[in-house]
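For reference, upload-v5.pdb is printed below; it contains PDB, C-alpha atoms.
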MODEL        1
ATOM      1  CA  MET Z   1     -71.760 131.221-115.530
ATOM      2  CA  LYS Z   2     -69.910 128.646-117.600
ATOM      3  CA  PRO Z   3     -71.585 125.268-118.293
ATOM      4  CA  GLN Z   4     -68.681 123.408-116.706
ATOM      5  CA  SER Z   5     -69.012 125.490-113.531
ATOM      6  CA  ARG Z   6     -72.747 124.771-113.339
ATOM      7  CA  LEU Z   7     -72.112 121.071-113.812
ATOM      8  CA  HIS Z   8     -69.451 121.122-111.116
ATOM      9  CA  ARG Z   9     -71.833 122.753-108.625
ATOM     10  CA  SER Z  10     -74.771 120.481-109.395
ATOM     11  CA  LEU Z  11     -72.734 117.265-109.372
ATOM     12  CA  PRO Z  12     -72.965 116.698-105.577
ATOM     13  CA  TYR Z  13     -76.758 116.988-105.685
ATOM     14  CA  VAL Z  14     -76.927 114.567-108.596
ATOM     15  CA  LEU Z  15     -74.792 112.054-106.702
ATOM     16  CA  ILE Z  16     -76.950 112.121-103.556
ATOM     17  CA  LEU Z  17     -80.204 112.019-105.532
ATOM     18  CA  PRO Z  18     -80.496 108.173-105.456
ATOM     19  CA  ALA Z  19     -80.044 108.190-101.680
ATOM     20  CA  LEU Z  20     -82.663 110.930-101.285
ATOM     21  CA  LEU Z  21     -85.092 108.979-103.454
ATOM     22  CA  CYS Z  22     -84.577 105.864-101.336
ATOM     23  CA  VAL Z  23     -85.093 107.811 -98.094
ATOM     24  CA  GLY Z  24     -88.197 109.482 -99.470
ATOM     25  CA  THR Z  25     -89.668 106.244-100.820
ATOM     26  CA  PHE Z  26     -88.936 103.861 -97.957
ATOM     27  CA  ILE Z  27     -88.838 106.168 -94.908
ATOM     28  CA  LEU Z  28     -90.436 109.574 -95.430
ATOM     29  CA  TYR Z  29     -93.509 108.489 -97.409
ATOM     30  CA  PRO Z  30     -94.456 105.553 -95.089
ATOM     31  CA  THR Z  31     -94.022 107.852 -92.059
ATOM     32  CA  LEU Z  32     -96.284 110.545 -93.482
ATOM     33  CA  PHE Z  33     -98.787 107.920 -94.630
ATOM     34  CA  SER Z  34     -98.895 106.487 -91.073
ATOM     35  CA  PHE Z  35     -99.705 109.950 -89.725
ATOM     36  CA  ARG Z  36    -102.567 110.247 -92.206
ATOM     37  CA  LEU Z  37    -103.817 106.698 -91.635
ATOM     38  CA  SER Z  38    -103.960 107.268 -87.869
ATOM     39  CA  LEU Z  39    -106.914 109.613 -88.493
ATOM     40  CA  TYR Z  40    -108.938 106.884 -90.201
ATOM     41  CA  GLU Z  41    -110.618 103.649 -89.226
ATOM     42  CA  ASN Z  42    -111.223 100.736 -91.565
ATOM     43  CA  ARG Z  43    -114.873  99.689 -91.561
ATOM     44  CA  ARG Z  44    -116.203  97.076 -93.980
ATOM     45  CA  ALA Z  45    -113.110  97.284 -96.191
ATOM     46  CA  THR Z  46    -113.324 101.099 -96.406
ATOM     47  CA  PHE Z  47    -111.462 103.790 -94.489
ATOM     48  CA  VAL Z  48    -113.611 106.305 -92.611
ATOM     49  CA  TYR Z  49    -112.222 109.563 -91.245
ATOM     50  CA  VAL Z  50    -112.522 109.590 -87.439
ATOM     51  CA  GLY Z  51    -110.118 112.407 -86.509
ATOM     52  CA  LEU Z  52    -108.357 111.847 -83.185
ATOM     53  CA  GLU Z  53    -110.646 109.023 -82.107
ATOM     54  CA  ASN Z  54    -107.881 106.415 -82.465
ATOM     55  CA  PHE Z  55    -105.618 108.409 -80.158
ATOM     56  CA  GLN Z  56    -108.439 108.803 -77.608
ATOM     57  CA  ARG Z  57    -108.997 105.062 -77.630
ATOM     58  CA  LEU Z  58    -105.246 104.484 -77.410
ATOM     59  CA  PHE Z  59    -104.591 106.745 -74.418
ATOM     60  CA  GLY Z  60    -107.642 105.361 -72.661
ATOM     61  CA  ASN Z  61    -106.530 101.764 -73.196
ATOM     62  CA  THR Z  62    -105.009 100.216 -70.067
ATOM     63  CA  LEU Z  63    -103.370  97.493 -72.185
ATOM     64  CA  PHE Z  64    -101.393 100.160 -74.056
ATOM     65  CA  TRP Z  65    -100.098 101.738 -70.852
ATOM     66  CA  ALA Z  66     -99.213  98.311 -69.462
ATOM     67  CA  GLY Z  67     -97.348  97.523 -72.668
ATOM     68  CA  LEU Z  68     -95.555 100.870 -72.466
ATOM     69  CA  GLY Z  69     -94.456 100.031 -68.928
ATOM     70  CA  ARG Z  70     -93.118  96.653 -70.056
ATOM     71  CA  THR Z  71     -91.308  98.377 -72.902
ATOM     72  CA  ALA Z  72     -89.665 100.780 -70.434
ATOM     73  CA  ILE Z  73     -88.588  97.945 -68.114
ATOM     74  CA  TYR Z  74     -87.219  95.909 -70.990
ATOM     75  CA  GLY Z  75     -85.494  98.958 -72.490
ATOM     76  CA  VAL Z  76     -83.726  99.929 -69.257
ATOM     77  CA  LEU Z  77     -82.528  96.379 -68.623
ATOM     78  CA  TYR Z  78     -81.497  95.801 -72.238
ATOM     79  CA  VAL Z  79     -79.567  99.059 -72.645
ATOM     80  CA  SER Z  80     -77.855  98.749 -69.263
ATOM     81  CA  LEU Z  81     -76.728  95.142 -69.716
ATOM     82  CA  VAL Z  82     -75.634  95.549 -73.323
ATOM     83  CA  ILE Z  83     -73.598  98.685 -72.657
ATOM     84  CA  VAL Z  84     -71.832  97.045 -69.681
ATOM     85  CA  PHE Z  85     -70.990  93.820 -71.532
ATOM     86  CA  ALA Z  86     -69.983  95.689 -74.686
ATOM     87  CA  TYR Z  87     -67.671  97.996 -72.735
ATOM     88  CA  LEU Z  88     -66.010  95.073 -70.966
ATOM     89  CA  LEU Z  89     -65.466  93.223 -74.234
ATOM     90  CA  ALA Z  90     -64.263  96.364 -76.027
ATOM     91  CA  LEU Z  91     -61.665  97.016 -73.324
ATOM     92  CA  VAL Z  92     -60.505  93.382 -73.529
ATOM     93  CA  PHE Z  93     -60.183  93.369 -77.331
ATOM     94  CA  ARG Z  94     -58.488  96.757 -77.274
ATOM     95  CA  GLY Z  95     -55.587  95.098 -75.467
ATOM     96  CA  ARG Z  96     -54.731  93.048 -78.584
ATOM     97  CA  MET Z  97     -55.336  89.673 -76.980
ATOM     98  CA  LYS Z  98     -54.375  86.517 -78.850
ATOM     99  CA  GLY Z  99     -57.098  85.132 -81.061
ATOM    100  CA  ALA Z 100     -59.027  88.400 -80.980
ATOM    101  CA  SER Z 101     -60.158  88.031 -84.601
ATOM    102  CA  PHE Z 102     -61.597  84.578 -83.949
ATOM    103  CA  PHE Z 103     -63.481  85.642 -80.823
ATOM    104  CA  LEU Z 104     -64.823  88.768 -82.536
ATOM    105  CA  THR Z 105     -66.121  86.615 -85.385
ATOM    106  CA  VAL Z 106     -67.883  84.323 -82.905
ATOM    107  CA  ILE Z 107     -69.433  87.293 -81.102
ATOM    108  CA  PHE Z 108     -70.722  88.777 -84.361
ATOM    109  CA  ILE Z 109     -72.407  85.563 -85.559
ATOM    110  CA  PRO Z 110     -75.627  86.248 -83.538
ATOM    111  CA  TRP Z 111     -75.837  89.746 -85.000
ATOM    112  CA  MET Z 112     -75.938  88.277 -88.500
ATOM    113  CA  LEU Z 113     -79.033  86.240 -87.634
ATOM    114  CA  SER Z 114     -82.496  87.722 -87.991
ATOM    115  CA  ASP Z 115     -84.616  88.355 -84.898
ATOM    116  CA  ILE Z 116     -87.024  85.578 -85.869
ATOM    117  CA  VAL Z 117     -84.293  82.966 -86.360
ATOM    118  CA  ALA Z 118     -82.567  83.946 -83.115
ATOM    119  CA  GLY Z 119     -85.891  83.911 -81.282
ATOM    120  CA  ILE Z 120     -86.791  80.418 -82.518
ATOM    121  CA  LEU Z 121     -83.390  79.134 -81.382
ATOM    122  CA  TRP Z 122     -83.866  80.554 -77.891
ATOM    123  CA  ARG Z 123     -87.441  79.294 -77.694
ATOM    124  CA  TRP Z 124     -86.222  75.770 -78.447
ATOM    125  CA  LEU Z 125     -83.609  76.088 -75.713
ATOM    126  CA  PHE Z 126     -86.321  76.769 -73.111
ATOM    127  CA  LEU Z 127     -89.114  74.476 -74.301
ATOM    128  CA  PRO Z 128     -90.507  72.360 -71.426
ATOM    129  CA  ARG Z 129     -88.962  68.869 -71.137
ATOM    130  CA  VAL Z 130     -86.907  69.154 -74.344
ATOM    131  CA  GLY Z 131     -85.127  72.516 -74.086
ATOM    132  CA  LEU Z 132     -81.418  72.205 -73.285
ATOM    133  CA  LEU Z 133     -81.196  75.275 -71.031
ATOM    134  CA  GLN Z 134     -84.621  74.565 -69.529
ATOM    135  CA  ASN Z 135     -83.462  71.099 -68.448
ATOM    136  CA  MET Z 136     -80.198  72.526 -67.065
ATOM    137  CA  LEU Z 137     -81.550  75.568 -65.205
ATOM    138  CA  GLY Z 138     -85.107  74.511 -64.385
ATOM    139  CA  PRO Z 139     -84.215  71.857 -61.770
ATOM    140  CA  LEU Z 140     -81.821  74.266 -60.063
ATOM    141  CA  LEU Z 141     -84.746  76.679 -59.531
ATOM    142  CA  GLY Z 142     -87.258  74.118 -58.306
ATOM    143  CA  ASP Z 143     -88.520  72.835 -61.674
ATOM    144  CA  TYR Z 144     -89.106  76.406 -62.817
ATOM    145  CA  SER Z 145     -90.574  76.726 -66.320
ATOM    146  CA  PHE Z 146     -89.222  79.912 -67.848
ATOM    147  CA  LEU Z 147     -91.695  80.312 -70.716
ATOM    148  CA  ALA Z 148     -94.658  79.613 -68.421
ATOM    149  CA  GLU Z 149     -93.937  82.578 -66.129
ATOM    150  CA  GLY Z 150     -93.972  86.271 -67.038
ATOM    151  CA  THR Z 151     -90.659  87.074 -65.374
ATOM    152  CA  GLY Z 152     -89.011  83.965 -66.789
ATOM    153  CA  ALA Z 153     -90.292  84.627 -70.305
ATOM    154  CA  LEU Z 154     -89.043  88.222 -70.186
ATOM    155  CA  SER Z 155     -85.681  86.939 -68.931
ATOM    156  CA  VAL Z 156     -85.414  84.602 -71.926
ATOM    157  CA  VAL Z 157     -86.180  87.440 -74.358
ATOM    158  CA  LEU Z 158     -83.698  89.683 -72.568
ATOM    159  CA  ALA Z 159     -80.994  86.996 -72.689
ATOM    160  CA  ALA Z 160     -81.596  86.469 -76.418
ATOM    161  CA  ALA Z 161     -81.489  90.231 -77.049
ATOM    162  CA  LEU Z 162     -78.273  90.538 -75.040
ATOM    163  CA  TRP Z 163     -76.723  87.594 -76.932
ATOM    164  CA  ARG Z 164     -77.639  89.183 -80.246
ATOM    165  CA  GLY Z 165     -77.258  92.917 -79.573
ATOM    166  CA  THR Z 166     -73.926  93.062 -77.752
ATOM    167  CA  ALA Z 167     -71.992  92.766 -81.020
ATOM    168  CA  PHE Z 168     -73.493  95.988 -82.404
ATOM    169  CA  ALA Z 169     -72.581  98.025 -79.316
ATOM    170  CA  LEU Z 170     -69.158  96.370 -79.224
ATOM    171  CA  LEU Z 171     -68.487  97.495 -82.794
ATOM    172  CA  LEU Z 172     -69.266 101.141 -81.981
ATOM    173  CA  LEU Z 173     -67.385 101.228 -78.680
ATOM    174  CA  LEU Z 174     -64.337  99.395 -80.022
ATOM    175  CA  ALA Z 175     -64.132 101.864 -82.906
ATOM    176  CA  GLY Z 176     -64.264 104.737 -80.407
ATOM    177  CA  LEU Z 177     -61.592 103.214 -78.182
ATOM    178  CA  GLN Z 178     -59.222 102.792 -81.113
ATOM    179  CA  THR Z 179     -59.329 106.552 -81.755
ATOM    180  CA  ILE Z 180     -57.933 107.309 -78.279
ATOM    181  CA  PRO Z 181     -54.133 107.754 -78.399
ATOM    182  CA  GLY Z 182     -52.325 105.182 -76.311
ATOM    183  CA  GLU Z 183     -49.944 107.882 -75.074
ATOM    184  CA  LEU Z 184     -52.704 109.312 -72.876
ATOM    185  CA  THR Z 185     -53.238 106.137 -70.872
ATOM    186  CA  GLU Z 186     -49.479 105.538 -70.731
ATOM    187  CA  ALA Z 187     -48.953 109.020 -69.296
ATOM    188  CA  ALA Z 188     -51.692 108.395 -66.725
ATOM    189  CA  SER Z 189     -50.053 105.085 -65.803
ATOM    190  CA  ILE Z 190     -46.687 106.790 -65.334
ATOM    191  CA  ASP Z 191     -48.383 109.314 -63.037
ATOM    192  CA  GLY Z 192     -49.523 106.425 -60.834
ATOM    193  CA  ALA Z 193     -53.119 105.968 -62.027
ATOM    194  CA  ASP Z 194     -54.476 102.430 -61.784
ATOM    195  CA  ARG Z 195     -56.669 100.863 -64.493
ATOM    196  CA  TRP Z 196     -59.914 102.175 -63.024
ATOM    197  CA  GLN Z 197     -58.525 105.711 -62.733
ATOM    198  CA  GLN Z 198     -57.212 105.525 -66.308
ATOM    199  CA  PHE Z 199     -60.656 104.510 -67.546
ATOM    200  CA  TRP Z 200     -62.627 107.040 -65.486
ATOM    201  CA  ASN Z 201     -60.338 110.048 -65.967
ATOM    202  CA  VAL Z 202     -58.984 109.440 -69.486
ATOM    203  CA  THR Z 203     -60.985 106.896 -71.451
ATOM    204  CA  TRP Z 204     -64.509 107.731 -70.284
ATOM    205  CA  PRO Z 205     -64.460 111.484 -71.050
ATOM    206  CA  LEU Z 206     -63.102 110.829 -74.539
ATOM    207  CA  MET Z 207     -65.607 108.015 -75.118
ATOM    208  CA  LEU Z 208     -68.644 109.998 -73.970
ATOM    209  CA  PRO Z 209     -69.823 111.069 -77.472
ATOM    210  CA  THR Z 210     -69.496 107.498 -78.780
ATOM    211  CA  THR Z 211     -71.270 106.171 -75.695
ATOM    212  CA  GLN Z 212     -74.135 108.622 -76.199
ATOM    213  CA  VAL Z 213     -74.569 107.529 -79.815
ATOM    214  CA  THR Z 214     -74.534 103.879 -78.729
ATOM    215  CA  LEU Z 215     -77.120 104.533 -76.008
ATOM    216  CA  VAL Z 216     -79.470 106.230 -78.476
ATOM    217  CA  PHE Z 217     -79.196 103.371 -80.976
ATOM    218  CA  LEU Z 218     -79.746 100.761 -78.252
ATOM    219  CA  SER Z 219     -82.724 102.678 -76.845
ATOM    220  CA  ILE Z 220     -84.368 102.871 -80.260
ATOM    221  CA  GLN Z 221     -83.718  99.154 -80.784
ATOM    222  CA  ALA Z 222     -85.343  98.375 -77.425
ATOM    223  CA  ILE Z 223     -88.441 100.456 -78.146
ATOM    224  CA  ASN Z 224     -88.940  98.930 -81.601
ATOM    225  CA  ALA Z 225     -88.082  95.338 -80.621
ATOM    226  CA  VAL Z 226     -90.731  92.966 -81.928
ATOM    227  CA  GLY Z 227     -89.069  89.970 -83.614
ATOM    228  CA  LEU Z 228     -87.721  88.323 -80.458
ATOM    229  CA  PHE Z 229     -90.936  88.861 -78.505
ATOM    230  CA  LEU Z 230     -92.993  87.509 -81.386
ATOM    231  CA  SER Z 231     -90.911  84.385 -81.972
ATOM    232  CA  ILE Z 232     -90.161  83.517 -78.317
ATOM    233  CA  THR Z 233     -93.304  84.400 -76.345
ATOM    234  CA  ASP Z 234     -95.839  86.016 -78.733
ATOM    235  CA  GLY Z 235     -96.654  88.302 -75.805
ATOM    236  CA  GLY Z 236     -97.350  85.441 -73.407
ATOM    237  CA  PRO Z 237     -97.900  83.912 -71.040
ATOM    238  CA  GLY Z 238    -101.119  85.895 -71.091
ATOM    239  CA  ARG Z 239    -100.006  89.439 -71.902
ATOM    240  CA  THR Z 240     -97.054  89.569 -69.530
ATOM    241  CA  THR Z 241     -94.493  90.167 -72.313
ATOM    242  CA  GLU Z 242     -96.680  92.114 -74.730
ATOM    243  CA  VAL Z 243     -94.671  95.286 -75.374
ATOM    244  CA  VAL Z 244     -95.906  98.244 -77.430
ATOM    245  CA  SER Z 245     -94.168  97.176 -80.636
ATOM    246  CA  LEU Z 246     -95.847  93.756 -80.410
ATOM    247  CA  GLN Z 247     -99.216  95.426 -79.845
ATOM    248  CA  LEU Z 248     -98.596  97.447 -83.004
ATOM    249  CA  TYR Z 249     -97.792  94.285 -84.958
ATOM    250  CA  LYS Z 250    -100.894  92.450 -83.759
ATOM    251  CA  GLN Z 251    -103.262  95.377 -84.353
ATOM    252  CA  ALA Z 252    -102.001  95.824 -87.910
ATOM    253  CA  LEU Z 253    -101.305  92.293 -89.171
ATOM    254  CA  GLN Z 254    -103.543  90.076 -87.025
ATOM    255  CA  PHE Z 255    -106.606  92.255 -86.409
ATOM    256  CA  ASN Z 256    -106.315  94.428 -89.564
ATOM    257  CA  ASN Z 257    -106.946  97.494 -87.400
ATOM    258  CA  PHE Z 258    -104.649  99.721 -89.435
ATOM    259  CA  GLY Z 259    -105.911 103.059 -88.131
ATOM    260  CA  PHE Z 260    -105.385 102.142 -84.483
ATOM    261  CA  ALA Z 261    -102.018 100.542 -85.310
ATOM    262  CA  SER Z 262    -100.975 103.737 -87.100
ATOM    263  CA  ALA Z 263    -101.853 105.727 -83.973
ATOM    264  CA  VAL Z 264     -99.547 103.448 -81.981
ATOM    265  CA  SER Z 265     -96.814 103.949 -84.583
ATOM    266  CA  VAL Z 266     -97.179 107.734 -84.349
ATOM    267  CA  VAL Z 267     -96.705 107.593 -80.570
ATOM    268  CA  MET Z 268     -93.647 105.388 -81.020
ATOM    269  CA  PHE Z 269     -92.323 107.826 -83.620
ATOM    270  CA  PHE Z 270     -92.441 110.702 -81.134
ATOM    271  CA  ILE Z 271     -90.775 108.569 -78.454
ATOM    272  CA  ASN Z 272     -87.934 107.740 -80.838
ATOM    273  CA  ALA Z 273     -87.689 111.378 -81.935
ATOM    274  CA  GLY Z 274     -87.558 112.466 -78.290
ATOM    275  CA  LEU Z 275     -84.631 110.144 -77.624
ATOM    276  CA  ALA Z 276     -82.792 111.516 -80.651
ATOM    277  CA  LEU Z 277     -83.434 115.115 -79.533
ATOM    278  CA  ILE Z 278     -82.139 114.340 -76.047
ATOM    279  CA  TYR Z 279     -78.952 112.985 -77.582
ATOM    280  CA  LEU Z 280     -78.522 115.992 -79.882
ATOM    281  CA  ASN Z 281     -79.133 118.427 -77.029
ATOM    282  CA  THR Z 282     -76.657 116.612 -74.786
ATOM    283  CA  LEU Z 283     -74.052 116.543 -77.540
ATOM    284  CA  ARG Z 284     -74.594 120.263 -78.275
ATOM    285  CA  THR Z 285     -74.210 121.120 -74.591
ATOM    286  CA  GLN Z 286     -71.033 119.070 -74.330
ATOM    287  CA  ASN Z 287     -69.529 120.734 -77.408
ATOM    288  CA  ALA Z 288     -70.346 124.149 -75.944
ATOM    289  CA  LEU Z 289     -68.555 123.238 -72.714
ATOM    290  CA  ASP Z 290     -65.533 121.984 -74.660
TER     291      ASP Z 290
ENDMDL
END

How does the structure come out when it is put into C-alpha cells?
Amino acid sequence: MKPQSRLHRSLPYVLILPALLCVGTFILYPTLFSFRLSLYENRRATFVYVGLENFQRLFGNTLFWAGLGRTAIYGVLYVSLVIVFAYLLALVFRGRMKGASFFLTVIFIPWMLSDIVAGILWRWLFLPRVGLLQNMLGPLLGDYSFLAEGTGALSVVLAAALWRGTAFALLLLLAGLQTIPGELTEAASIDGADRWQQFWNVTWPLMLPTTQVTLVFLSIQAINAVGLFLSITDGGPGRTTEVVSLQLYKQALQFNNFGFASAVSVVMFFINAGLALIYLNTLRTQNALD
C-alpha cells in the first residue's frame, strides 16, 4: 500500500482524535470512576471497599424514593409544559411574523443564563414582602407565600425552568418545522383541511422524529436538574422539593459522602440510559414501519 493511501485512510481518525480524547477525559473516565467509587465508602479520610452496601442503603432509604417521586412529578410537568409552549411558539414563528428575530432573541436570553443566576432571579421575585411576583400574586391567593409551601416552591422552580428551557425546545422544533415543504400544507389546505387537520395529518407525522429527540433531551434535563432547585429552594421547605439530583449534590459536596453519592449517580446514569434506549427503540421501530 502506498504511503499516500495509508495517510488518506488514517486522516479521518486523526481528525476525530481530539474529540475522542475530550470525550474520554471528561465523560468516559468520570463515569467509570463513579461506578468504581460507588463500591467504596470514605472513612477517616480513606476509602474502604464495601461492595454493594451503598446501593443497599440507597434502595432502603425512604428519602431517596421520595426524591425519585418528586423528580418524576417535576419531569412530567416540565416536559409536558415545555413541549406545548415550544410547539406553539415554533408554529407562530414559522409563519414569518413581523419582528420574529427580535422576539426570538428575547426568548433565548434566559437560555444564555446559568441555572444559578436564573434561580437567584426567580427567588428574589418570590421573596416574602419584597418579591415583585410574590406581592402581585400572593394577595390574590389569600396572602399565599410561595416559597413557604411545598407546592408553591415547586411551582416557582417549574416556572423558572419553563422560562429558561422553552428556548432550547423551540430551537429544535423550529429547525424541524423548517424542513417540512410548504407545498404539503398548501395541498392539504386546498383539499379543505383546517389548521388543526393540517397539523395533525401533515406536520405531526413529519415532526415525530424531531419531537422524540426533543422529549429525550428534555427528560434528561429534568432528571439532572439541580441548579434551579439549589438556588431557589435548596430542597425546602423541609424536603418537599428535594429531588434526586439535589440529594446527589448534597451527599457529595455538603456531607462528603462520595461513595453513597456515586451510587446515586450510577442509578441516575441507568435512568438516563433507559430513556435514550427507549428513544432509539422507538425511532428504529418507526423507521422499520416507514

Which residues of range 179-222 of chain Z come within 12 Å of range 266-286 of chain Z, and what is each one's closest atom pair and distance in Å (one decimal), counting all atoms listed in the file, sorted by chain and residue number, as CSV?
residue,atom,partner,partner_atom,distance
Z:Pro205,CA,Z:Gln286,CA,10.6
Z:Leu206,CA,Z:Gln286,CA,11.4
Z:Leu208,CA,Z:Leu283,CA,9.2
Z:Pro209,CA,Z:Leu283,CA,6.9
Z:Thr210,CA,Z:Leu283,CA,10.2
Z:Thr211,CA,Z:Tyr279,CA,10.4
Z:Gln212,CA,Z:Tyr279,CA,6.6
Z:Val213,CA,Z:Tyr279,CA,7.3
Z:Thr214,CA,Z:Tyr279,CA,10.2
Z:Leu215,CA,Z:Tyr279,CA,8.8
Z:Val216,CA,Z:Leu275,CA,6.5
Z:Phe217,CA,Z:Ala276,CA,8.9
Z:Leu218,CA,Z:Leu275,CA,10.6
Z:Ser219,CA,Z:Leu275,CA,7.7
Z:Ile220,CA,Z:Asn272,CA,6.1
Z:Gln221,CA,Z:Asn272,CA,9.6
Z:Ala222,CA,Z:Asn272,CA,10.3

query = So how many Å separate CA of Gly119 in chain Z and CA of Tyr78 in chain Z, to one decimal?
reply =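 Interatomic distance here is 15.6 Å.
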
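The environment of Val92 in chain Z within 12 Å, counting all atoms listed in the file and disregarding residues fewer than 3 places along the same chain, consists of Phe85, Ala86, Tyr87, Leu88, Leu89, Gly95, Arg96, Met97, Lys98, Gly99, Ala100, Phe103, Leu104, Leu170, Leu173, Leu174 and Leu177 of chain Z.
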
Go ahead and dump the residues you just picked, C-alpha atoms, as an mmCIF file, in the coordinates of the input.
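Written output follows (part.cif):
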data_model
loop_
_atom_site.group_PDB
_atom_site.id
_atom_site.type_symbol
_atom_site.label_atom_id
_atom_site.label_comp_id
_atom_site.auth_asym_id
_atom_site.auth_seq_id
_atom_site.Cartn_x
_atom_site.Cartn_y
_atom_site.Cartn_z
ATOM 1 C CA PHE Z 85 -70.990 93.820 -71.532
ATOM 2 C CA ALA Z 86 -69.983 95.689 -74.686
ATOM 3 C CA TYR Z 87 -67.671 97.996 -72.735
ATOM 4 C CA LEU Z 88 -66.010 95.073 -70.966
ATOM 5 C CA LEU Z 89 -65.466 93.223 -74.234
ATOM 6 C CA GLY Z 95 -55.587 95.098 -75.467
ATOM 7 C CA ARG Z 96 -54.731 93.048 -78.584
ATOM 8 C CA MET Z 97 -55.336 89.673 -76.980
ATOM 9 C CA LYS Z 98 -54.375 86.517 -78.850
ATOM 10 C CA GLY Z 99 -57.098 85.132 -81.061
ATOM 11 C CA ALA Z 100 -59.027 88.400 -80.980
ATOM 12 C CA PHE Z 103 -63.481 85.642 -80.823
ATOM 13 C CA LEU Z 104 -64.823 88.768 -82.536
ATOM 14 C CA LEU Z 170 -69.158 96.370 -79.224
ATOM 15 C CA LEU Z 173 -67.385 101.228 -78.680
ATOM 16 C CA LEU Z 174 -64.337 99.395 -80.022
ATOM 17 C CA LEU Z 177 -61.592 103.214 -78.182
#

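Taken over the whole file, the PyMOL selection byres ((chain Z and resi 243) around 7) covers exactly Gly67, Leu68, Arg70, Thr71, Thr241, Glu242, Val244, Ser245, Leu246 and Gln247 of chain Z.
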
inquiry  = One number please: CA of Ala263 in chain Z to CA of Ala66 in chain Z, in Å, one decimal.
reply    =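 For CA of Ala263 in chain Z relative to CA of Ala66 in chain Z, the distance reads 16.5 Å.
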
task = Using all atoms listed in the file, find the one residue out of Z:Phe146, Z:Phe108, Z:Trp204, Z:Trp122 that sits nearest to Thr166 in chain Z.
result = Z:Phe108

request  = Rank Z:Phe126, Z:Leu77, Z:Gly227, Z:Gln197 by their smallest atom-to-atom distance to Ala148 in chain Z, using all atoms listed in the file, and report the top residue only.
outcome  =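 Checking each candidate against Ala148 in chain Z, we get Z:Phe126 as the closest.
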
remark   = Pairwise distance, CA of Met112 in chain Z with CA of Lys250 in chain Z, equals 25.7 Å

ask   = Which residues come within 9 Å of range 186-188 of chain Z, counting all atoms listed in the file, excluding same-chain residues fewer than 6 positions away, as JSON, numbers by chain?
value = {"Z": [194, 197, 198, 201, 202]}

ask   = Quick one: which residues end up in the PyMOL selection byres ((chain Z and resi 37) around 12) for this structure, as a count of residues only?
value = 33

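Using all atoms listed in the file, the contacts of Pro110 in chain Z at a cut-off of 12 Å, with sequence neighbours closer than 6 positions omitted, comprise Leu104, Ile116, Val117, Ala118, Gly119, Leu121, Trp122, Ala160, Ala161, Leu162, Trp163, Arg164, Gly165, Thr166, Ala167 and Phe168 of chain Z.
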
Please, what is the axis-aligned box for every listed atom of range 229-237 of chain Z with 4 Å on each side, as centre and edge lengths in Å to one decimal, as JSON?
{"center_x": -94.0, "center_y": 86.2, "center_z": -76.5, "size_x": 15.7, "size_y": 13.3, "size_z": 18.9}

task = Just say which residues the PyMOL selection byres ((chain Z and resi 123) around 12) picks in this file, as a ChimeraX atom specification.
result = /Z:115-122,124-128,130-134,146-148,152-157,159-160,228-234

task = Rank nothing, just name the residue among Z:Ala193, Z:Ala72, Z:Asn224, Z:Thr240 nearest to Thr151 in chain Z, using all atoms listed in the file.
result =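 Checking each candidate against Thr151 in chain Z, we get Z:Thr240 as the closest.
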